[in-house]
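Visitor: Handing you a structure now.
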Amino acid sequence: MTMLGSYLTLAAVLFCLGLYGVLTKRNAIIVLLSIELMLNAVNLNLVAFAKYGINASLRGQVFSLFTMTVAAAEAAVGIAVLISLYRRRATVNVDEYDELRR
Amino acid sequence: MLEDIPVLSILTFLPLLGTLITLLLPQSRVRFIRGTAIAFTFLPLLLAIALYVSYEPIVGGGAFAEKLTWLSIPLNTEAGLADKGATSYRLLFDYRMGVDGLSLPLVLLTGAVASMASLASVYIRKRWKLYYALFLLLQTGMYGVFLARDLTLFFIFFELTLIPMFFLIGIWGYFGREQAANRFLVYNGLGSAFMLLAFLILIATAGFSATETASGTTLSFSGSYEVLLANLADPNAAVNQDSIMYLSDNLKWTAFILLVIAFGIKLPIFPFHTWMLKVHAEAAPPVVMIHSGILLKMGAYGLLRFGAFLLPGQLQSWAPVLATLGVINIVYGAILACAQKEFKLVLAYSSISHMGIVLLGIASLNEAGFEGAVFQSVSHGLISALLFLIVGSLHERAETTRIDELGGLASVVPFTSGILLTAGLASLGLPGLSGFVGEFLSFLGLFDSYPWLVAVGVLGLLFAAVYVLRSVLSMTYGPLPDRFAAIRDVRFVEALPMIALTALIVLLGVYPALMTDMMSHSFDGLLKLLQSKVGG
Amino acid sequence: MQRFWNDPVSWGHAGIYLLGAIAILAVVIVFVTYAIYFERKVIGWMQYRKGPNRTGPLGLLQTVADVAKLLIKEDTIPAKADKALFILAPALAFVPSFLVLAIIPYGLNLQFADLNVGFLYYVALSGITTIAIILGGWSSNNKYALLGGMRSAAQMISYEVPLVLSVVGIAMMTESLNLREIVIHQEGYFWHWNFLPQIIGFAVFVVAAISELNRTPFDLPEAESELVAGYHVEYSGFRFAFFMLTEYIYVYAIACLATILFLGGWNPPAPQLDFIPGLLWFALKFAFIVFFLFWIRATLPRLRVDQLMGMAWKVLLPLAILNIFLTALGIEWWGKGG
Amino acid sequence: MEKYANQYVIVTIFLVLGIVFPIVVLQIGKLLRPSKPNTEKETTYESGNEPVGDSQIRFNVRYYLYALMFVIFDVETVFLYPWAVAYKQLGLFALFEMVVFVGLLLVGLIYAWRKKVFQWNSI
Amino acid sequence: MQALQTLTWNDTWYLAPEIVLAAFTIALALLDLSLPRRIDRDIIGWGAVLGLVTAGVFVGWHIHDLGAWEKAGESPFRNLLDGSYRVDDFGNLLKLVFLGASALIVLASLGTVKKEEVPIKGEFYYLVLPAVLGAMVMASSGDLITLFIGMELLGIASYILVGVRKSSGLSGEAAFKYVVTGGTASAFVLYGMSFLYGATGSTRLSGIAQSIGDAVEGSKALVYVAFFLMIVGFALKLALAPFHAWAPDVYQGAPTPVTSFLGVVAKAAAFAMLYRLFVNTALYAYADTAQVREDLFLALAVLAAAAMIVGVAGALRQQNAKRLLALSGVANAGILLVPLTLDITSFHSSLFSEFIYYLLAYVFMNVGAFAVLTVVSRETGSEELSGFAGLYHRAPWTAAAMTALICSLAGLPVTGGFFGKLFILFGTVQTKQYWLAAILLFTTVVSYYLYFSFIRQMFMRSGDTERQTKVPMATGLVVWICAIASVALGVLPKPILEWVDGLFSVSLDFLSR
């Protein structure tokens, strides 16, 4: 079980890094990347559980396939939105996306 | 004859019909709209009078009671009611109407004041159609409040008065009307929230009943007043702690305090009164007539109906507190009324003072006190309606109602001045006018229970003499400012309600039995309960 | 190497693997050296000229001399370049190209690593080279280089999609992605080889593969006439050599892959011919593919950039998808056995 | 299990060799080659012209669009390959399902086509 | 290892609503692409409405079938794909709500969405369909993976919908914020799901339900972590306080119909998923899990309370109608969450009826209010509250309808909002969660002030113009449907509740496999 523990720890570290990035980074692209990082942490978790968890089965791996796919789609849409936003604002600094706050 | 038709429902929903008709009429036909509205205001009054005539105190309101299952909401039965042998499990909101000696006077008052207010609505200068539609809708709410015999139904009618009143204050009032409307809404909303919480606590515990039918046992929670009354009075319910009916003392206390706050805001009791001053000062005169004349009484009615009847034990323990609050109201209202320069505010504070008397009556826990409370409510309703009618009339002409700006009105508007004087005297409790009877009965009741409080309370009445006489006399006598020289006395359409209201005040003053007779027996059950509590 | 696979891992084995890897590196370097020579010769031949013929007998040492020159040539790094990335890029390009060689089976018993996801491994690793090319283009801080790098990236990712999809049909027929099993599945006469049943897939694969290699007619990224030399304008000396090396290793890898996937790997065209060693068959097919690549280069003109991208998405991708469903229908039609 | 361990040892050895080789070769080259940098040599090459401005400019948005398209279709293969490998066991209905899946993606392709994503009108 | 259960032709019948939506999406997308530029894209909108209605018909058909099976003594649900998809009354009822609400929203936007505002109108219409499809998948999944896919399908489609006003920087900004929060929320939910999978060894809800008792015994911490991470994720999705900060921004920036879609369908779908995850996992079934359940539900209740308070308090200061409605949505999400947090006791198990009734009321009042808002903002060009000034003079009937909707939002009798709140309150009182009831009531009263600010504007102020407001036919229709339904729900809640009670049952829809 120590294997599982170390995988989970790594995943937790990745997840927290991602979360930290989402919350603190100013560059919109890095924010999107941080979200991907969080999702990858989840993948790691799933695969670790699929291998070392109770009732080890392929389900976790299948789940992680879906997660990857969806993460890709989400990233695609995220970037597309960002491009369209960039065309209007000419900046990727999230601090400057503040027209809505009044 | 009245027994055979659902007279209470007709009475309640006639104004609603009026609303619909008014809405369908074209906006330009002002006279037609006004006529419809007045007609649909007077029709319920006539019905109420008919009701009064055929009401027999011994029988109580049973003859007119209406009962209809309105909503029978299924509750999910799966989580383990099978062991109780239930085949059906529901939440019931009945449509129950009923009338008794407690509500009948208030229904009559509603009819009378609303009719007069409808006549006085000549002061309204804009958007008649909407005004009359809302005015009629408000009446449905008010009748409903006094006639409903189901907690949820009561609540619905109570809230139903809120919306039209909000509009009536907010659209047709004076300069600060929107603020007044907001305050009215939030305070009364808050009150209704407390009330609803208390009601739900009662329904979810004491409202539980099991009925055997052919198809099996039906378990139900009901908001029906009768069911609650029976369950709460059932001594067995309190003993058996396992029963779902069991209402722990803590919960009872919670419910009672919630109710006191809820109706205290409406009444209003001292710390919750600020919203009402604003409404009195800013709303249009006919609206204030309704507000001061009827809506405030809903607080007294609710306190009696739900506080006293459903939770007599708690009332008994809290009577000293209520009595003290009542005295504070009286004295506080009276003292501040003395200091006001605006006549509308004098009246507002005097209302607070008079509502203190109602509270005293309730707190005295005996028949005289209860009757006094109801009588005072009715009498104050009539008097304040009259006074605000006069205010409207004066404001129409002089465009001010500040005491220091007016004076010598007796010479230019003698009729109005005469009525004003009469109303003022009634307000300060001159024997022979209705105000006296209410005050007398309340104090009489209280004297039995808390004689020393009476002494303080009566002190408040002395202040009443001061502020009434000071303001009324300084308005009617003294030098007449030049700019008022040209004003004319009332038109017929204004004089009519004034005379009618005055006549009623005098009538009740000289012949109080008109009202007290029908109240007798209504409090019998409650008094018996109270005595058994005192004895046990 | 197969006989070590089922033994426990040990340092001894690792040593053997290392020797094998060094051997294959040597083979590849020799291949690259002579592929370049061969290419120049072939093109020269096709263009009625001689090609290199001065250095060494028949010019055989020409490329060796070129490499030696590159080795001792001064290595300049532009002042404006991002130094770290500039140095990293050629190495990053080379590493995956070398890594993909680990999985190629040359014969039934001649293979380093036998992965169940063999083809995906190839695709995944070769994708990394794209990053190296962008890095090279970007870090040079040169307009030609940047454009070349970006074009190259766009082209490579565009053509990767049809490339990957074109192989799906084979995966369906073989029920595996293991390269060895794919070859084994093609045993028998040459019409059992995948290039016939998968003719559309084969066509798409070849076109996409040439484009992946950034070779003419798809060599837009380094189009001499437009971009001087594309992403490696600023590279010189051995850093440049690594880019070249990478490109030719991929030629090698793709040729191997085409052989394995479509041309039956080490299988002889008819079972009767199996007295000739499989490795030789493999080498023959491999050599044909390599020749074919040079042939194309000599024959076809370069595409325009808009035609290039349009071709990937508008022609090859639909064709590849069509191929998948035709294969599926074929399997339904002719039964699951075939 | 052993088999897999060995496979990855091999891959790791290739990786290490792949990294070591360039380093070693470049180090050897360093010993052999001359190094006499001057500013002329280190200027950016622009066919002999003086370089103007910075080169690390923002590039055309089109490249992003291709990247997006790639992401979508590349990920499609994540599902295509397992399906393809298992196709013979899955049967005709699986084909139908895949037709639906790929059909949806083709709609995306047509969309991009119609929206002129593939029209390359500048560098 | 179970045998692989694949989809069969038979199953397509149970998936008919979903398939219809997917087919309509494709067809409309292709139609949009093939039609020449000059043709008005409203036709796509009508197509979308048709698709939604068709899917709704199929759902209705299924409900009917399920009812017939129940009468015949069969189990009234169907498990597809080895239980990873589930056709039951819970899902079907919610699907009806999603479809109906979306149809109303699309209908309302027909005619009010201007080409200048949303340059790609066609896309706007047909992207609603996959979003609804995602919501439907969420409502009827029996597996973590399917739930997640549904969530993301809805999420991704709505990211695009939010940003569909390409010419507006506000829209883009809102979309970006939504992508970031949505992505983060998904990550949290997924992370929680991964732990749930780790703790129970299964992704099937039924499998989780079977082994959650052991899981709690084995590693309580894992279960707690799993559920709390999911709670955080859902709180973000639902914009529950303190995770609500994005909601006003996103709602304001999105085109108004989309705002309404997010407020209604996206939220309801998240609730559907919450029910699946928290009730289906049968935390009720084991003695070991009682403690976990209580802690989780307390956490949810605190979130609900916080949402109600913060939503109302935040909305008090808003001058922008959309932001105001967004924050009111936060408060309403809190209210909708309340039934879920109530214990199932022997006297109280009607949590779903309470939920779906208020949801229904919420759908009507919210969609209606947003429809009126589109009319007003189209006329005055502003989404501020002051745009409503004098609406009574400009469009008295619309103002009247809006008043009914406002009453429902505020929870005044006799409207759907009132009864919805009343049932929820009754549930809280039955389970003795008095504090929750008190907070609900208190925030409701404060919200009177909030909602009546619309009425103040409409009736008590005068606008810049006295010109009659033009109400497009479809939008007017929606406004009136919503207003009348809001009132009707208040006057006659019984038929719907009887119907729901007859169809839905905790044991069959949530707990049986």
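In the structure tokens, each chain is lettered A, B, ... as it comes, each chain's residues begin at 1, and ligands are numbered from 1 in order of appearance.
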If we count only C-alpha atoms, which residues of chain E reach to within 10 Å of chain D? Please list them as number ranges by chain.
Guide: E: 4, 6-9, 22-23, 25-27, 29-30, 32-34
Visitor: Next, write the just-selected residues to a file, as a compact mmCIF listing (two decimals), in the first residue's frame, keeping N, CA, C and O atoms as the atom set.
Guide:
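Result written to part_19.txt:
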```txt
# COMPACT_ATOMS: atom_id res chain seq x y z
N LEU E 4 -18.93 -7.95 -20.22
CA LEU E 4 -19.19 -6.66 -20.84
C LEU E 4 -20.63 -6.61 -21.33
O LEU E 4 -21.08 -7.49 -22.05
N THR E 6 -22.98 -4.54 -23.58
CA THR E 6 -22.95 -3.45 -24.56
C THR E 6 -24.35 -2.93 -24.81
O THR E 6 -25.34 -3.54 -24.41
N LEU E 7 -24.37 -1.83 -25.47
CA LEU E 7 -25.64 -1.24 -25.83
C LEU E 7 -26.31 -2.11 -26.90
O LEU E 7 -25.65 -2.70 -27.74
N THR E 8 -27.61 -2.20 -26.84
CA THR E 8 -28.31 -2.98 -27.85
C THR E 8 -29.32 -2.10 -28.56
O THR E 8 -29.60 -0.99 -28.12
N TRP E 9 -29.85 -2.63 -29.64
CA TRP E 9 -30.87 -1.86 -30.36
C TRP E 9 -32.03 -1.57 -29.46
O TRP E 9 -32.67 -0.52 -29.54
N ALA E 22 -29.56 14.65 -29.82
CA ALA E 22 -28.29 14.61 -30.55
C ALA E 22 -28.55 14.75 -32.05
O ALA E 22 -27.86 15.51 -32.75
N ALA E 23 -29.57 14.02 -32.53
CA ALA E 23 -29.87 14.09 -33.95
C ALA E 23 -30.26 15.50 -34.36
O ALA E 23 -29.80 16.01 -35.40
N THR E 25 -29.37 18.22 -32.91
CA THR E 25 -28.19 19.08 -32.88
C THR E 25 -27.45 18.98 -34.20
O THR E 25 -27.12 20.00 -34.82
N ILE E 26 -27.20 17.75 -34.63
CA ILE E 26 -26.44 17.56 -35.86
C ILE E 26 -27.19 18.16 -37.04
O ILE E 26 -26.64 18.93 -37.84
N ALA E 27 -28.47 17.82 -37.11
CA ALA E 27 -29.25 18.29 -38.25
C ALA E 27 -29.27 19.81 -38.30
O ALA E 27 -29.05 20.41 -39.37
N ALA E 29 -27.16 21.88 -36.94
CA ALA E 29 -25.83 22.42 -37.22
C ALA E 29 -25.56 22.37 -38.72
O ALA E 29 -25.10 23.36 -39.30
N LEU E 30 -25.90 21.24 -39.32
CA LEU E 30 -25.66 21.13 -40.77
C LEU E 30 -26.54 22.11 -41.53
O LEU E 30 -26.10 22.74 -42.49
N ASP E 32 -27.64 24.93 -40.45
CA ASP E 32 -27.11 26.26 -40.25
C ASP E 32 -25.92 26.50 -41.18
O ASP E 32 -25.75 27.59 -41.73
N LEU E 33 -25.11 25.46 -41.35
CA LEU E 33 -23.94 25.62 -42.19
C LEU E 33 -24.30 25.71 -43.66
O LEU E 33 -23.61 26.37 -44.44
N SER E 34 -25.39 25.02 -44.03
CA SER E 34 -25.68 24.98 -45.45
C SER E 34 -26.58 26.11 -45.92
O SER E 34 -26.57 26.45 -47.09
```
Visitor: Quick one: everything within 7 Å of A:Val42, counting only C-alpha atoms, minus sequence neighbours fewer than 5 positions away in the same chain. Send it as a compact mmCIF listing (two decimals) with C-alpha atoms, in the first residue's frame.
Guide:
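Contents of out-v1.txt, freshly written:
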```
# COMPACT_ATOMS: atom_id res chain seq x y z
CA ALA A 11 -1.52 13.55 -6.96
CA LEU E 190 -13.51 14.58 -10.25
CA TYR E 191 -10.94 14.51 -7.52
CA SER E 194 -11.50 9.46 -7.73
```
Visitor: Rounded to one decimal in Å, what is the spacing between atom CA of B:Val107 and atom CA of E:Thr415?
Guide: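 Rounded to one decimal, the two atoms are 26.3 Å apart.
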Visitor: Pull the closest atom pair for each residue of chain E that gets at most 8 Å from chain B, along with the distance in Å to one decimal, counting only C-alpha atoms, ordering rows by chain and then ascending residue number, as JSON lines.
Guide:
```
{"residue": "E:Ile344", "atom": "CA", "partner": "B:Ala79", "partner_atom": "CA", "distance": 6.9}
{"residue": "E:Thr345", "atom": "CA", "partner": "B:Ala79", "partner_atom": "CA", "distance": 6.3}
{"residue": "E:Ser346", "atom": "CA", "partner": "B:Gly80", "partner_atom": "CA", "distance": 4.8}
{"residue": "E:Phe347", "atom": "CA", "partner": "B:Leu81", "partner_atom": "CA", "distance": 7.1}
{"residue": "E:His348", "atom": "CA", "partner": "B:Asn76", "partner_atom": "CA", "distance": 7.2}
{"residue": "E:Ser349", "atom": "CA", "partner": "B:Asn76", "partner_atom": "CA", "distance": 5.4}
{"residue": "E:Ser350", "atom": "CA", "partner": "B:Asn76", "partner_atom": "CA", "distance": 4.7}
{"residue": "E:Leu412", "atom": "CA", "partner": "B:Glu159", "partner_atom": "CA", "distance": 6.8}
{"residue": "E:Pro413", "atom": "CA", "partner": "B:Ile156", "partner_atom": "CA", "distance": 5.6}
{"residue": "E:Val414", "atom": "CA", "partner": "B:Ile156", "partner_atom": "CA", "distance": 6.9}
{"residue": "E:Leu425", "atom": "CA", "partner": "B:Leu200", "partner_atom": "CA", "distance": 7.7}
{"residue": "E:Phe426", "atom": "CA", "partner": "B:Leu200", "partner_atom": "CA", "distance": 6.3}
{"residue": "E:Val429", "atom": "CA", "partner": "B:Ile201", "partner_atom": "CA", "distance": 6.2}
{"residue": "E:Gln430", "atom": "CA", "partner": "B:Ala204", "partner_atom": "CA", "distance": 5.8}
{"residue": "E:Ala437", "atom": "CA", "partner": "B:Leu197", "partner_atom": "CA", "distance": 7.4}
{"residue": "E:Ala438", "atom": "CA", "partner": "B:Leu197", "partner_atom": "CA", "distance": 7.1}
{"residue": "E:Leu441", "atom": "CA", "partner": "B:Ala193", "partner_atom": "CA", "distance": 5.6}
{"residue": "E:Phe442", "atom": "CA", "partner": "B:Ala193", "partner_atom": "CA", "distance": 6.7}
{"residue": "E:Val445", "atom": "CA", "partner": "B:Gly189", "partner_atom": "CA", "distance": 5.4}
{"residue": "E:Val446", "atom": "CA", "partner": "B:Val186", "partner_atom": "CA", "distance": 6.7}
{"residue": "E:Tyr448", "atom": "CA", "partner": "B:Val186", "partner_atom": "CA", "distance": 6.8}
{"residue": "E:Tyr449", "atom": "CA", "partner": "B:Val186", "partner_atom": "CA", "distance": 6.4}
{"residue": "E:Arg456", "atom": "CA", "partner": "B:Glu178", "partner_atom": "CA", "distance": 7.6}
{"residue": "E:Phe459", "atom": "CA", "partner": "B:Ile171", "partner_atom": "CA", "distance": 7.2}
{"residue": "E:Met460", "atom": "CA", "partner": "B:Ile171", "partner_atom": "CA", "distance": 5.5}
{"residue": "E:Leu492", "atom": "CA", "partner": "B:Leu71", "partner_atom": "CA", "distance": 7.6}
{"residue": "E:Pro493", "atom": "CA", "partner": "B:Leu71", "partner_atom": "CA", "distance": 7.5}
{"residue": "E:Lys494", "atom": "CA", "partner": "B:Ile73", "partner_atom": "CA", "distance": 5.9}
{"residue": "E:Leu497", "atom": "CA", "partner": "B:Ile73", "partner_atom": "CA", "distance": 6.7}
{"residue": "E:Glu498", "atom": "CA", "partner": "B:Pro74", "partner_atom": "CA", "distance": 6.1}
{"residue": "E:Asp501", "atom": "CA", "partner": "B:Asn76", "partner_atom": "CA", "distance": 6.7}
{"residue": "E:Ser505", "atom": "CA", "partner": "B:Glu78", "partner_atom": "CA", "distance": 7.3}
{"residue": "E:Val506", "atom": "CA", "partner": "B:Glu78", "partner_atom": "CA", "distance": 7.1}
{"residue": "E:Ser507", "atom": "CA", "partner": "B:Glu78", "partner_atom": "CA", "distance": 7.2}
```
Visitor: Could you take the residues named above and write them with N, CA and C atoms, as a CSV table (one decimal), in the first residue's frame?
Guide:
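This is the output file again24.csv:
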```csv
chain,number,residue,atom,x,y,z
E,344,ILE,N,-34.0,11.6,6.1
E,344,ILE,CA,-35.2,10.8,5.8
E,344,ILE,C,-35.5,10.1,7.1
E,345,THR,N,-36.6,10.5,7.7
E,345,THR,CA,-37.1,9.9,8.9
E,345,THR,C,-38.4,9.2,8.6
E,346,SER,N,-39.0,8.6,9.7
E,346,SER,CA,-40.2,7.9,9.4
E,346,SER,C,-41.3,8.8,9.1
E,347,PHE,N,-41.2,10.1,9.5
E,347,PHE,CA,-42.3,11.0,9.1
E,347,PHE,C,-41.9,11.9,8.0
E,348,HIS,N,-40.7,11.9,7.5
E,348,HIS,CA,-40.4,12.8,6.4
E,348,HIS,C,-39.5,12.0,5.4
E,349,SER,N,-40.1,11.8,4.2
E,349,SER,CA,-39.3,11.3,3.2
E,349,SER,C,-39.7,11.9,1.8
E,350,SER,N,-40.3,13.0,1.9
E,350,SER,CA,-40.8,13.6,0.6
E,350,SER,C,-39.8,14.7,0.1
E,412,LEU,N,-44.5,35.1,-2.3
E,412,LEU,CA,-45.7,35.7,-1.7
E,412,LEU,C,-46.9,34.8,-2.2
E,413,PRO,N,-47.9,34.6,-1.4
E,413,PRO,CA,-49.0,33.8,-1.8
E,413,PRO,C,-49.8,34.6,-2.8
E,414,VAL,N,-50.6,33.9,-3.7
E,414,VAL,CA,-50.6,32.5,-3.8
E,414,VAL,C,-49.9,32.2,-5.2
E,425,LEU,N,-40.2,24.4,3.9
E,425,LEU,CA,-40.2,24.8,5.3
E,425,LEU,C,-40.9,23.7,6.1
E,426,PHE,N,-42.0,23.2,5.6
E,426,PHE,CA,-42.6,22.2,6.4
E,426,PHE,C,-41.7,21.0,6.6
E,429,VAL,N,-39.3,21.8,9.3
E,429,VAL,CA,-39.9,21.8,10.6
E,429,VAL,C,-40.1,20.4,11.0
E,430,GLN,N,-40.5,19.5,10.1
E,430,GLN,CA,-40.8,18.1,10.4
E,430,GLN,C,-39.5,17.4,10.9
E,437,ALA,N,-35.0,26.6,8.8
E,437,ALA,CA,-36.3,27.2,8.5
E,437,ALA,C,-36.2,28.7,8.8
E,438,ALA,N,-35.6,29.0,10.0
E,438,ALA,CA,-35.6,30.5,10.3
E,438,ALA,C,-34.8,31.2,9.3
E,441,LEU,N,-36.8,31.7,6.1
E,441,LEU,CA,-37.8,32.7,6.2
E,441,LEU,C,-37.2,34.1,6.3
E,442,PHE,N,-36.2,34.2,7.1
E,442,PHE,CA,-35.6,35.5,7.2
E,442,PHE,C,-35.1,36.1,5.9
E,445,VAL,N,-37.8,37.2,3.6
E,445,VAL,CA,-38.4,38.5,3.9
E,445,VAL,C,-37.5,39.6,3.4
E,446,VAL,N,-36.2,39.4,3.6
E,446,VAL,CA,-35.3,40.5,3.1
E,446,VAL,C,-35.4,40.6,1.6
E,448,TYR,N,-37.9,40.3,-0.1
E,448,TYR,CA,-39.1,41.1,-0.6
E,448,TYR,C,-38.6,42.4,-1.0
E,449,TYR,N,-37.8,43.0,-0.2
E,449,TYR,CA,-37.3,44.4,-0.6
E,449,TYR,C,-36.6,44.3,-1.9
E,456,ARG,N,-41.2,48.6,-7.7
E,456,ARG,CA,-41.1,50.1,-7.5
E,456,ARG,C,-40.8,50.7,-8.8
E,459,PHE,N,-43.9,50.5,-11.3
E,459,PHE,CA,-45.2,51.2,-11.0
E,459,PHE,C,-45.0,52.5,-10.5
E,460,MET,N,-43.9,52.8,-9.8
E,460,MET,CA,-43.8,54.0,-9.0
E,460,MET,C,-42.9,55.0,-9.7
E,492,LEU,N,-53.2,25.7,-7.4
E,492,LEU,CA,-53.5,24.3,-7.5
E,492,LEU,C,-52.2,23.4,-7.5
E,493,PRO,N,-51.5,23.4,-6.4
E,493,PRO,CA,-50.3,22.6,-6.3
E,493,PRO,C,-50.6,21.1,-6.3
E,494,LYS,N,-51.8,20.8,-6.0
E,494,LYS,CA,-52.1,19.4,-5.7
E,494,LYS,C,-51.9,18.5,-6.9
E,497,LEU,N,-48.3,17.7,-7.4
E,497,LEU,CA,-47.6,16.9,-6.3
E,497,LEU,C,-48.2,15.5,-6.2
E,498,GLU,N,-49.5,15.3,-6.5
E,498,GLU,CA,-50.0,14.0,-6.5
E,498,GLU,C,-49.3,13.2,-7.6
E,501,ASP,N,-45.8,12.4,-6.6
E,501,ASP,CA,-45.8,11.4,-5.5
E,501,ASP,C,-46.1,10.0,-6.1
E,505,SER,N,-40.6,7.3,-6.0
E,505,SER,CA,-40.5,6.8,-4.7
E,505,SER,C,-39.0,6.6,-4.3
E,506,VAL,N,-38.7,6.9,-3.1
E,506,VAL,CA,-37.3,6.9,-2.7
E,506,VAL,C,-36.7,5.5,-2.9
E,507,SER,N,-37.5,4.5,-2.5
E,507,SER,CA,-36.9,3.2,-2.5
E,507,SER,C,-36.7,2.7,-3.9
```
Visitor: Specify as an NGL selection string all residues of chain A found within 7 Å of chain E, counting only C-alpha atoms.
Guide: :A and (32 or 35 or 38-39 or 42 or 45-46 or 49 or 53-56 or 59 or 63 or 70 or 74 or 78 or 81-82 or 84-85 or 88 or 97 or 99-101)
Visitor: Name the residues of stretch 389-491 of chain B that fall into helix (DSSP H, G or I) according to DSSP on the backbone, using the chain letters and numbers of this document, as an NGL selection string.
Guide: :B and (389-398 or 409-412 or 414-428 or 434-449 or 451-476 or 482-484)
Visitor: Using the chain letters and numbers from this document, which residues of stretch 20-183 of chain B does DSSP assign to strand (DSSP E), as a list in words?
Guide: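 Here are the strand (DSSP E) residues of stretch 20-183 of chain B: Glu66, Lys67, Leu68, Thr69, Trp70, Leu71, Ser72, Ile73, Pro74, Ala86, Thr87, Ser88, Tyr89, Arg90, Leu91, Leu92, Phe93, Asp94, Tyr95, Arg96 and Met97 of chain B.
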Visitor: For chain D, work out the contacting residues on chain C at 7 Å, counting only C-alpha atoms, and write them as a PyMOL selection string.
Guide: chain C and resi 5-9+17-18+21+71-74+76-79+91+95+98-99+102+112-115+138+141-143+154+157-158+161+168+171-172+175-176+234+238+306+309-310+336
Visitor: Identify, on the basis of only C-alpha atoms, every residue whose closest approach to E:Gln291 does not exceed 12 Å; exclude the query and any residue fewer than 2 positions from it along the same chain; express the result as a list in words.
Guide: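 My list of contacting residues is Gly213, Val216, Glu217, Lys220, Val223, Tyr224, Leu283, Tyr284, Tyr286, Ala287, Asp288, Thr289, Arg293, Glu294, Asp295, Leu296, Phe297 and Leu298 of chain E.
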Visitor: Could the residues in this selection be saved with C-alpha atoms as an mmCIF file, in the first residue's frame?
Guide:
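Saved result, again03.cif, follows:
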```cif
data_model
loop_
_atom_site.group_PDB
_atom_site.id
_atom_site.type_symbol
_atom_site.label_atom_id
_atom_site.label_comp_id
_atom_site.auth_asym_id
_atom_site.auth_seq_id
_atom_site.Cartn_x
_atom_site.Cartn_y
_atom_site.Cartn_z
ATOM 1 C CA GLY E 213 -20.588 0.592 4.398
ATOM 2 C CA VAL E 216 -16.573 3.736 5.889
ATOM 3 C CA GLU E 217 -15.478 0.983 8.211
ATOM 4 C CA LYS E 220 -13.495 6.726 6.923
ATOM 5 C CA VAL E 223 -14.942 8.691 2.234
ATOM 6 C CA TYR E 224 -14.992 12.043 3.978
ATOM 7 C CA LEU E 283 -25.624 6.449 3.001
ATOM 8 C CA TYR E 284 -28.904 5.576 4.644
ATOM 9 C CA TYR E 286 -25.830 1.273 6.944
ATOM 10 C CA ALA E 287 -25.459 2.020 10.601
ATOM 11 C CA ASP E 288 -21.776 2.767 10.056
ATOM 12 C CA THR E 289 -22.529 5.549 7.664
ATOM 13 C CA ARG E 293 -24.207 11.189 6.519
ATOM 14 C CA GLU E 294 -24.977 13.570 9.330
ATOM 15 C CA ASP E 295 -21.705 15.399 8.887
ATOM 16 C CA LEU E 296 -22.110 15.674 5.142
ATOM 17 C CA PHE E 297 -25.653 16.866 5.334
ATOM 18 C CA LEU E 298 -24.769 19.354 7.998
#
```
Visitor: Write out as an MDAnalysis selection string each polymer residue whose atoms come within 9 Å of C:Ile200, counting only C-alpha atoms; drop sequence neighbours fewer than 3 positions from it.
Guide: chainID C and resid 166 195:197 203:205 319:320 322:323
Visitor: State, in Å with one decimal place, the distance from atom CA of B:Leu444 to atom CA of B:Met355.
Guide: 16.2 Å
Visitor: List the neighbours of A:Asp95 out to 10 Å using only C-alpha atoms; skip same-chain residues closer than 3 positions along the sequence, and give me the result as number ranges by chain.
Guide: A: 25-28, 91-92, 98
Visitor: Within 10 Å of E:Ala307, counting only C-alpha atoms, which residues qualify if same-chain residues fewer than 6 places away don't, as a PyMOL selection string?
Guide: chain E and resi 235+238-244+301+313+327-335+337
